[in-house]
Amino acid sequence: MNRHILTAALVLAVSATIFAGGQPERVVNVYSHRHYDADRDVYDRFTEETGIAVNVVQAGADELIERLLAEGSSSEADLLITVDAGRLYRAREAGVLQSVETPTLLANVPEHLRDPEGAWYGITKRARVVAYDRSRSDAETIERYTDLARPEFAGRVAVRSSGNIYNISLMAAMIHEHGAERAEEWAKAMTRSFAREPEGNDRDQMKAVVAGVADYAIVNTYYVGLLLTSDDPGEVTVGERIGIAFPRLGDGGTHVNVSGAGVTAHAPHREEAIALLEYLTSREAQSYLAGANYEYPVHPDVEPSGIVASWGDLEEADTPLEVLGALGDEATRIFDRVGWR
Ligand code: FE
């Protein structure tokens with residue numbers, strides 16, 4: 001049902017564009033999991049600059065990939081925007097993306113934040129960090145993710161379930177950094193650190209910390225921004241009490257991930273899709289896109305927004321993000337073996 005409504009909406013939008021003025025216009029059709037007003041503003045600026053109209057179908061990340069698979073070569077979609085390198089990897093493996101490489105894209109997006117063959121490029125970046133209640137704890141005790149598995153953390157850490165892609169990608173990064181054997185030892189020790197059986201989303205983990213159920217929570221950075229700016233005063237209070245520690249992967253930096261975009265395998269408007277992808281990663285668009293969800297820009301010359309900058313300096317790991325996808329299945333097997341539910 002949902003699918004039919006979306007399809008109808010896209011067909012209408014496309015027809016409206018083609019027939020306005022009697023002349024075919026240049027268009028690009030985007031399948032996006034993102035749902036922020038700022039994104040629409042960025043698309044409008046792109047249209048102003050290039051004359052290319054942007055149609056957007058918004059749906060859940062996995063649903064969009066399923067839909068591309070079902071539509072095959074008859075798909076009207078040109079650009080897929082979705083979240084997590086693990087999922088972008090799955091999209092590439094499923095054959096719904098094509099390789100694209102331009103000098104602008106290579107300059108806008110650092111090497112570790114894009115697919116080596118150009119199937120996808122990061123457009124915004126988030127870090128998976130440790131949140132704590134500033135009135136009870138501090139960041140000093142946490143230098144590395146491995147610290148959380150030490151005996152003194154037993155029964156004190158809240159984290160969501162292992163089926164979640166954010167945890168699968170973190171585990172994949174641990175395997176890449178430490179090797180599968182040590183990563184598995186870490187995961188096993190982590191289950192002793194759990195304050196409770198994994199449940200809820202990242203926001204719920206921070207609420208558990210502020211409620212005193214746990215002392216530390218593993219969360220993505222932007223959820224702190226979402227709490228701070230929530231319509232719910234209770235969530236704002238939680239956000240205000242949260243401090244952030246940026247743990248390291250080994251001797252490297254903090255584990256980061258991206259929301260990213262790739263040109264679809266059968267894009268009817270390939271050239272326009274590339275133009276939009278270049279625009280989304282440009283200096284001009286980056287701070288708007290990242291700011292909309294309290295993320296970090298991927299463009300090396302663009303600074304994060306005020307709230308994000310206030311959390312402290314992010315020193316990120318240079319793990320090539322495609323390995324997060326490649327090691328995802330192994331990460332899941334380890335979670336299963338150690339009983340991280
Ligand atoms: Fe999220």
# chains A, B, ... in the order shown; residues from 1 in each chain; ligands from 1
call {"tool": "residues_near_ligand", "arguments": {"ligand": "ligand 1", "cutoff": "9 Å", "atoms": "only C-alpha atoms and all ligand atoms", "output": "number ranges by chain"}}
result
A: 83-84, 166, 201-202, 220, 222-223
call {"tool": "write_last_selection", "arguments": {"atoms": "N, CA, C and O atoms", "output": "CSV table (one decimal), in the first residue's frame"}}
result
chain,number,residue,atom,x,y,z
A,83,VAL,N,21.7,5.3,4.9
A,83,VAL,CA,22.5,5.5,6.1
A,83,VAL,C,23.3,4.3,6.4
A,83,VAL,O,22.9,3.2,6.3
A,84,ASP,N,24.5,4.5,6.9
A,84,ASP,CA,25.5,3.5,7.3
A,84,ASP,C,26.2,2.8,6.2
A,84,ASP,O,25.6,2.3,5.2
A,166,TYR,N,24.3,-0.1,13.4
A,166,TYR,CA,25.4,0.8,14.0
A,166,TYR,C,26.3,-0.1,14.8
A,166,TYR,O,27.6,0.1,14.8
A,201,ASN,N,16.5,2.1,21.5
A,201,ASN,CA,17.3,2.8,20.5
A,201,ASN,C,18.4,3.6,21.2
A,201,ASN,O,18.5,3.5,22.5
A,202,ASP,N,19.2,4.3,20.5
A,202,ASP,CA,20.3,5.1,21.1
A,202,ASP,C,19.8,6.1,22.1
A,202,ASP,O,20.4,6.3,23.2
A,220,ASN,N,25.3,7.1,18.8
A,220,ASN,CA,25.7,8.0,17.8
A,220,ASN,C,25.6,9.4,18.2
A,220,ASN,O,24.6,9.8,18.8
A,222,TYR,N,24.7,12.2,16.8
A,222,TYR,CA,23.6,13.2,16.5
A,222,TYR,C,22.4,13.0,17.4
A,222,TYR,O,21.6,13.9,17.6
A,223,TYR,N,22.3,11.8,18.1
A,223,TYR,CA,21.2,11.6,19.0
A,223,TYR,C,21.2,12.5,20.2
A,223,TYR,O,20.2,12.9,20.8
call {"tool": "residues_around", "arguments": {"residues": "A:Pro247", "least_positions_apart": "4", "cutoff": "8 Å", "atoms": "only C-alpha atoms", "output": "list in words"}}
result
Val129, Val130, Ile142, Glu143, Arg144, Tyr145, Gly253, Thr254 and His255 of chain A
call {"tool": "write_last_selection", "arguments": {"atoms": "all heavy atoms", "output": "mmCIF file, in the first residue's frame"}}
result
data_model
loop_
_atom_site.group_PDB
_atom_site.id
_atom_site.type_symbol
_atom_site.label_atom_id
_atom_site.label_comp_id
_atom_site.auth_asym_id
_atom_site.auth_seq_id
_atom_site.Cartn_x
_atom_site.Cartn_y
_atom_site.Cartn_z
ATOM 1 N N VAL A 129 30.019 7.048 19.924
ATOM 2 C CA VAL A 129 30.761 7.546 21.083
ATOM 3 C C VAL A 129 30.182 6.976 22.382
ATOM 4 O O VAL A 129 29.236 6.194 22.361
ATOM 5 C CB VAL A 129 30.701 9.092 21.132
ATOM 6 C CG1 VAL A 129 31.411 9.686 19.917
ATOM 7 C CG2 VAL A 129 29.255 9.580 21.230
ATOM 8 N N VAL A 130 30.758 7.409 23.498
ATOM 9 C CA VAL A 130 30.245 6.993 24.806
ATOM 10 C C VAL A 130 29.617 8.202 25.497
ATOM 11 O O VAL A 130 30.256 9.243 25.650
ATOM 12 C CB VAL A 130 31.372 6.393 25.671
ATOM 13 C CG1 VAL A 130 30.873 6.131 27.088
ATOM 14 C CG2 VAL A 130 31.879 5.101 25.044
ATOM 15 N N ILE A 142 37.628 6.740 29.864
ATOM 16 C CA ILE A 142 37.395 6.039 28.598
ATOM 17 C C ILE A 142 38.261 6.596 27.479
ATOM 18 O O ILE A 142 37.957 7.623 26.896
ATOM 19 C CB ILE A 142 35.910 6.119 28.203
ATOM 20 C CG1 ILE A 142 35.070 5.479 29.309
ATOM 21 C CG2 ILE A 142 35.651 5.408 26.875
ATOM 22 C CD1 ILE A 142 33.666 5.939 29.309
ATOM 23 N N GLU A 143 39.367 5.925 27.245
ATOM 24 C CA GLU A 143 40.233 6.328 26.137
ATOM 25 C C GLU A 143 39.960 5.509 24.899
ATOM 26 O O GLU A 143 40.126 5.983 23.785
ATOM 27 C CB GLU A 143 41.703 6.158 26.530
ATOM 28 C CG GLU A 143 42.259 7.343 27.271
ATOM 29 C CD GLU A 143 43.675 7.091 27.726
ATOM 30 O OE1 GLU A 143 44.453 6.506 26.925
ATOM 31 O OE2 GLU A 143 43.986 7.439 28.877
ATOM 32 N N ARG A 144 39.584 4.248 25.111
ATOM 33 C CA ARG A 144 39.368 3.331 23.983
ATOM 34 C C ARG A 144 38.068 2.554 24.182
ATOM 35 O O ARG A 144 37.617 2.390 25.317
ATOM 36 C CB ARG A 144 40.514 2.333 23.892
ATOM 37 C CG ARG A 144 41.851 2.986 23.587
ATOM 38 C CD ARG A 144 42.957 1.973 23.388
ATOM 39 N NE ARG A 144 44.165 2.648 22.952
ATOM 40 C CZ ARG A 144 44.985 3.317 23.755
ATOM 41 N NH1 ARG A 144 44.728 3.371 25.054
ATOM 42 N NH2 ARG A 144 46.051 3.923 23.272
ATOM 43 N N TYR A 145 37.539 2.034 23.075
ATOM 44 C CA TYR A 145 36.353 1.178 23.190
ATOM 45 C C TYR A 145 36.665 -0.030 24.057
ATOM 46 O O TYR A 145 35.804 -0.530 24.792
ATOM 47 C CB TYR A 145 35.885 0.714 21.798
ATOM 48 C CG TYR A 145 35.402 1.851 20.918
ATOM 49 C CD1 TYR A 145 36.240 2.455 19.995
ATOM 50 C CD2 TYR A 145 34.094 2.319 21.016
ATOM 51 C CE1 TYR A 145 35.806 3.499 19.197
ATOM 52 C CE2 TYR A 145 33.641 3.363 20.219
ATOM 53 C CZ TYR A 145 34.506 3.954 19.308
ATOM 54 O OH TYR A 145 34.081 4.998 18.524
ATOM 55 N N GLY A 253 41.712 6.801 15.776
ATOM 56 C CA GLY A 253 40.691 7.734 16.254
ATOM 57 C C GLY A 253 39.377 7.030 16.535
ATOM 58 O O GLY A 253 39.311 5.810 16.675
ATOM 59 N N THR A 254 38.336 7.840 16.637
ATOM 60 C CA THR A 254 36.999 7.344 16.976
ATOM 61 C C THR A 254 36.305 6.746 15.749
ATOM 62 O O THR A 254 36.459 7.252 14.638
ATOM 63 C CB THR A 254 36.166 8.520 17.540
ATOM 64 O OG1 THR A 254 36.813 9.023 18.703
ATOM 65 C CG2 THR A 254 34.755 8.089 17.889
ATOM 66 N N HIS A 255 35.543 5.689 15.995
ATOM 67 C CA HIS A 255 34.793 5.031 14.921
ATOM 68 C C HIS A 255 33.731 5.984 14.359
ATOM 69 O O HIS A 255 32.902 6.492 15.107
ATOM 70 C CB HIS A 255 34.118 3.772 15.480
ATOM 71 C CG HIS A 255 33.105 3.147 14.569
ATOM 72 N ND1 HIS A 255 33.423 2.642 13.331
ATOM 73 C CD2 HIS A 255 31.767 2.970 14.712
ATOM 74 C CE1 HIS A 255 32.317 2.156 12.762
ATOM 75 N NE2 HIS A 255 31.306 2.344 13.575
#
call {"tool": "closest_residue", "arguments": {"among": "A:Ala70, A:Gly225, A:Gln58, A:Thr102", "to": "A:Glu271", "atoms": "only C-alpha atoms"}}
result
A:Thr102
call {"tool": "residues_around", "arguments": {"residues": "stretch 107-115 of chain A", "least_positions_apart": "5", "cutoff": "8 Å", "atoms": "only C-alpha atoms", "output": "count of residues only"}}
result
18
call {"tool": "residues_around", "arguments": {"residues": "A:Ala187", "least_positions_apart": "3", "cutoff": "9 Å", "atoms": "only C-alpha atoms", "output": "list of chain:residue names"}}
result
A:Ala149, A:Met171, A:Arg182, A:Ala183, A:Glu184, A:Met190, A:Thr191, A:Ile334, A:Phe335, A:Val338, A:Gly339, A:Trp340
call {"tool": "write_last_selection", "arguments": {"atoms": "N, CA, C and O atoms", "output": "mmCIF file, in the first residue's frame"}}
result
data_model
loop_
_atom_site.group_PDB
_atom_site.id
_atom_site.type_symbol
_atom_site.label_atom_id
_atom_site.label_comp_id
_atom_site.auth_asym_id
_atom_site.auth_seq_id
_atom_site.Cartn_x
_atom_site.Cartn_y
_atom_site.Cartn_z
ATOM 1 N N ALA A 149 35.237 -2.768 28.334
ATOM 2 C CA ALA A 149 35.149 -4.196 28.655
ATOM 3 C C ALA A 149 35.941 -4.549 29.911
ATOM 4 O O ALA A 149 35.967 -5.700 30.332
ATOM 5 N N MET A 171 31.375 -3.232 15.480
ATOM 6 C CA MET A 171 32.037 -4.527 15.679
ATOM 7 C C MET A 171 32.961 -4.821 14.491
ATOM 8 O O MET A 171 34.087 -5.320 14.676
ATOM 9 N N ARG A 182 40.784 -11.119 18.925
ATOM 10 C CA ARG A 182 40.736 -10.133 20.014
ATOM 11 C C ARG A 182 39.411 -9.386 20.030
ATOM 12 O O ARG A 182 38.898 -9.024 21.089
ATOM 13 N N ALA A 183 38.854 -9.164 18.849
ATOM 14 C CA ALA A 183 37.557 -8.468 18.778
ATOM 15 C C ALA A 183 36.481 -9.311 19.453
ATOM 16 O O ALA A 183 35.606 -8.793 20.152
ATOM 17 N N GLU A 184 36.592 -10.635 19.253
ATOM 18 C CA GLU A 184 35.596 -11.522 19.884
ATOM 19 C C GLU A 184 35.762 -11.525 21.407
ATOM 20 O O GLU A 184 34.774 -11.504 22.155
ATOM 21 N N MET A 190 32.413 -7.454 26.859
ATOM 22 C CA MET A 190 31.408 -6.393 26.856
ATOM 23 C C MET A 190 30.078 -6.866 27.437
ATOM 24 O O MET A 190 29.377 -6.107 28.098
ATOM 25 N N THR A 191 29.732 -8.137 27.172
ATOM 26 C CA THR A 191 28.431 -8.609 27.682
ATOM 27 C C THR A 191 28.409 -8.589 29.218
ATOM 28 O O THR A 191 27.344 -8.471 29.806
ATOM 29 N N ILE A 334 30.077 -13.147 15.461
ATOM 30 C CA ILE A 334 30.707 -12.963 16.772
ATOM 31 C C ILE A 334 29.674 -12.578 17.818
ATOM 32 O O ILE A 334 29.637 -13.138 18.921
ATOM 33 N N PHE A 335 28.808 -11.641 17.483
ATOM 34 C CA PHE A 335 27.747 -11.253 18.424
ATOM 35 C C PHE A 335 26.939 -12.475 18.856
ATOM 36 O O PHE A 335 26.630 -12.656 20.032
ATOM 37 N N VAL A 338 29.007 -14.775 21.294
ATOM 38 C CA VAL A 338 29.268 -14.292 22.655
ATOM 39 C C VAL A 338 27.981 -13.979 23.419
ATOM 40 O O VAL A 338 28.027 -13.642 24.599
ATOM 41 N N GLY A 339 26.845 -14.047 22.732
ATOM 42 C CA GLY A 339 25.577 -13.793 23.416
ATOM 43 C C GLY A 339 25.240 -12.323 23.586
ATOM 44 O O GLY A 339 24.535 -11.934 24.509
ATOM 45 N N TRP A 340 25.769 -11.468 22.682
ATOM 46 C CA TRP A 340 25.353 -10.045 22.640
ATOM 47 C C TRP A 340 24.067 -10.013 21.826
ATOM 48 O O TRP A 340 24.116 -10.100 20.607
#
call {"tool": "select_by_dssp", "arguments": {"residues": "stretch 186-273 of chain A", "states": "strand (DSSP E or B)", "output": "list in words"}}
result
Phe194, Tyr216, Ala217, Ile218, Val219, Asn220, Ile242, Gly243, Ile244, Ala245, Arg248, Thr254, Val256, Asn257, Val258, Ser259, Gly260, Ala261, Gly262, Val263 and Thr264 of chain A
call {"tool": "atom_distance", "arguments": {"atom1": "atom CA of A:Phe246", "atom2": "atom CA of A:Asp133"}}
result
14.6 Å
call {"tool": "closest_residue", "arguments": {"among": "A:Gln98, A:Ser74, A:Thr332, A:Thr104", "to": "A:Ala119", "atoms": "only C-alpha atoms"}}
result
A:Gln98
call {"tool": "atom_distance", "arguments": {"atom1": "atom CA of A:Val42", "atom2": "atom CA of A:Asp313"}}
result
26.5 Å
call {"tool": "select_by_dssp", "arguments": {"residues": "stretch 7-250 of chain A", "states": "helix (DSSP H, G or I)", "output": "VMD selection string"}}
result
chain A and resid 7 to 22 37 to 50 61 to 74 85 to 93 103 to 108 111 to 113 145 to 149 151 to 153 165 to 178 180 to 193 202 to 210 222 to 228 233 to 241
call {"tool": "decode", "arguments": {"residues": "stretch 91-116 of chain A", "atoms": "N, CA and C atoms", "output": "compact mmCIF listing (two decimals), in the first residue's frame"}}
result
# COMPACT_ATOMS: atom_id res chain seq x y z
N ALA A 91 23.90 -2.47 -0.48
CA ALA A 91 23.26 -1.95 -1.71
C ALA A 91 24.17 -2.21 -2.91
N ARG A 92 25.47 -1.97 -2.72
CA ARG A 92 26.41 -2.24 -3.81
C ARG A 92 26.42 -3.72 -4.16
N GLU A 93 26.49 -4.58 -3.11
CA GLU A 93 26.52 -6.03 -3.34
C GLU A 93 25.23 -6.51 -4.02
N ALA A 94 24.12 -5.85 -3.72
CA ALA A 94 22.84 -6.24 -4.32
C ALA A 94 22.74 -5.78 -5.77
N GLY A 95 23.71 -4.99 -6.20
CA GLY A 95 23.75 -4.58 -7.61
C GLY A 95 22.87 -3.39 -7.95
N VAL A 96 22.44 -2.63 -6.95
CA VAL A 96 21.55 -1.51 -7.25
C VAL A 96 22.29 -0.18 -7.43
N LEU A 97 23.63 -0.21 -7.32
CA LEU A 97 24.41 1.02 -7.51
C LEU A 97 25.40 0.84 -8.65
N GLN A 98 25.85 1.93 -9.25
CA GLN A 98 26.89 1.86 -10.28
C GLN A 98 28.10 2.71 -9.87
N SER A 99 29.24 2.40 -10.47
CA SER A 99 30.47 3.13 -10.16
C SER A 99 30.49 4.48 -10.85
N VAL A 100 30.86 5.48 -10.08
CA VAL A 100 30.96 6.84 -10.61
C VAL A 100 32.21 7.47 -10.01
N GLU A 101 33.03 8.10 -10.82
CA GLU A 101 34.21 8.76 -10.28
C GLU A 101 34.42 10.06 -11.04
N THR A 102 34.44 11.17 -10.30
CA THR A 102 34.76 12.44 -10.94
C THR A 102 35.79 13.15 -10.07
N PRO A 103 36.60 14.02 -10.64
CA PRO A 103 37.60 14.74 -9.84
C PRO A 103 36.96 15.51 -8.69
N THR A 104 35.77 16.08 -8.91
CA THR A 104 35.09 16.83 -7.85
C THR A 104 34.72 15.93 -6.68
N LEU A 105 34.16 14.77 -6.98
CA LEU A 105 33.77 13.85 -5.91
C LEU A 105 35.00 13.37 -5.13
N LEU A 106 36.06 13.07 -5.85
CA LEU A 106 37.27 12.60 -5.18
C LEU A 106 37.85 13.69 -4.28
N ALA A 107 37.69 14.95 -4.68
CA ALA A 107 38.21 16.06 -3.87
C ALA A 107 37.30 16.36 -2.69
N ASN A 108 35.99 16.21 -2.87
CA ASN A 108 35.04 16.58 -1.82
C ASN A 108 34.97 15.56 -0.69
N VAL A 109 35.16 14.28 -1.01
CA VAL A 109 34.94 13.22 -0.02
C VAL A 109 36.26 12.48 0.25
N PRO A 110 36.75 12.52 1.49
CA PRO A 110 38.01 11.83 1.82
C PRO A 110 37.92 10.34 1.47
N GLU A 111 39.08 9.78 1.14
CA GLU A 111 39.14 8.42 0.60
C GLU A 111 38.47 7.37 1.49
N HIS A 112 38.67 7.47 2.81
CA HIS A 112 38.12 6.42 3.67
C HIS A 112 36.60 6.51 3.82
N LEU A 113 36.02 7.62 3.36
CA LEU A 113 34.57 7.82 3.52
C LEU A 113 33.80 7.55 2.23
N ARG A 114 34.42 6.84 1.30
CA ARG A 114 33.73 6.50 0.06
C ARG A 114 34.11 5.10 -0.40
N ASP A 115 33.25 4.54 -1.26
CA ASP A 115 33.53 3.23 -1.82
C ASP A 115 34.72 3.34 -2.77
N PRO A 116 35.66 2.38 -2.71
CA PRO A 116 36.86 2.48 -3.56
C PRO A 116 36.53 2.47 -5.06
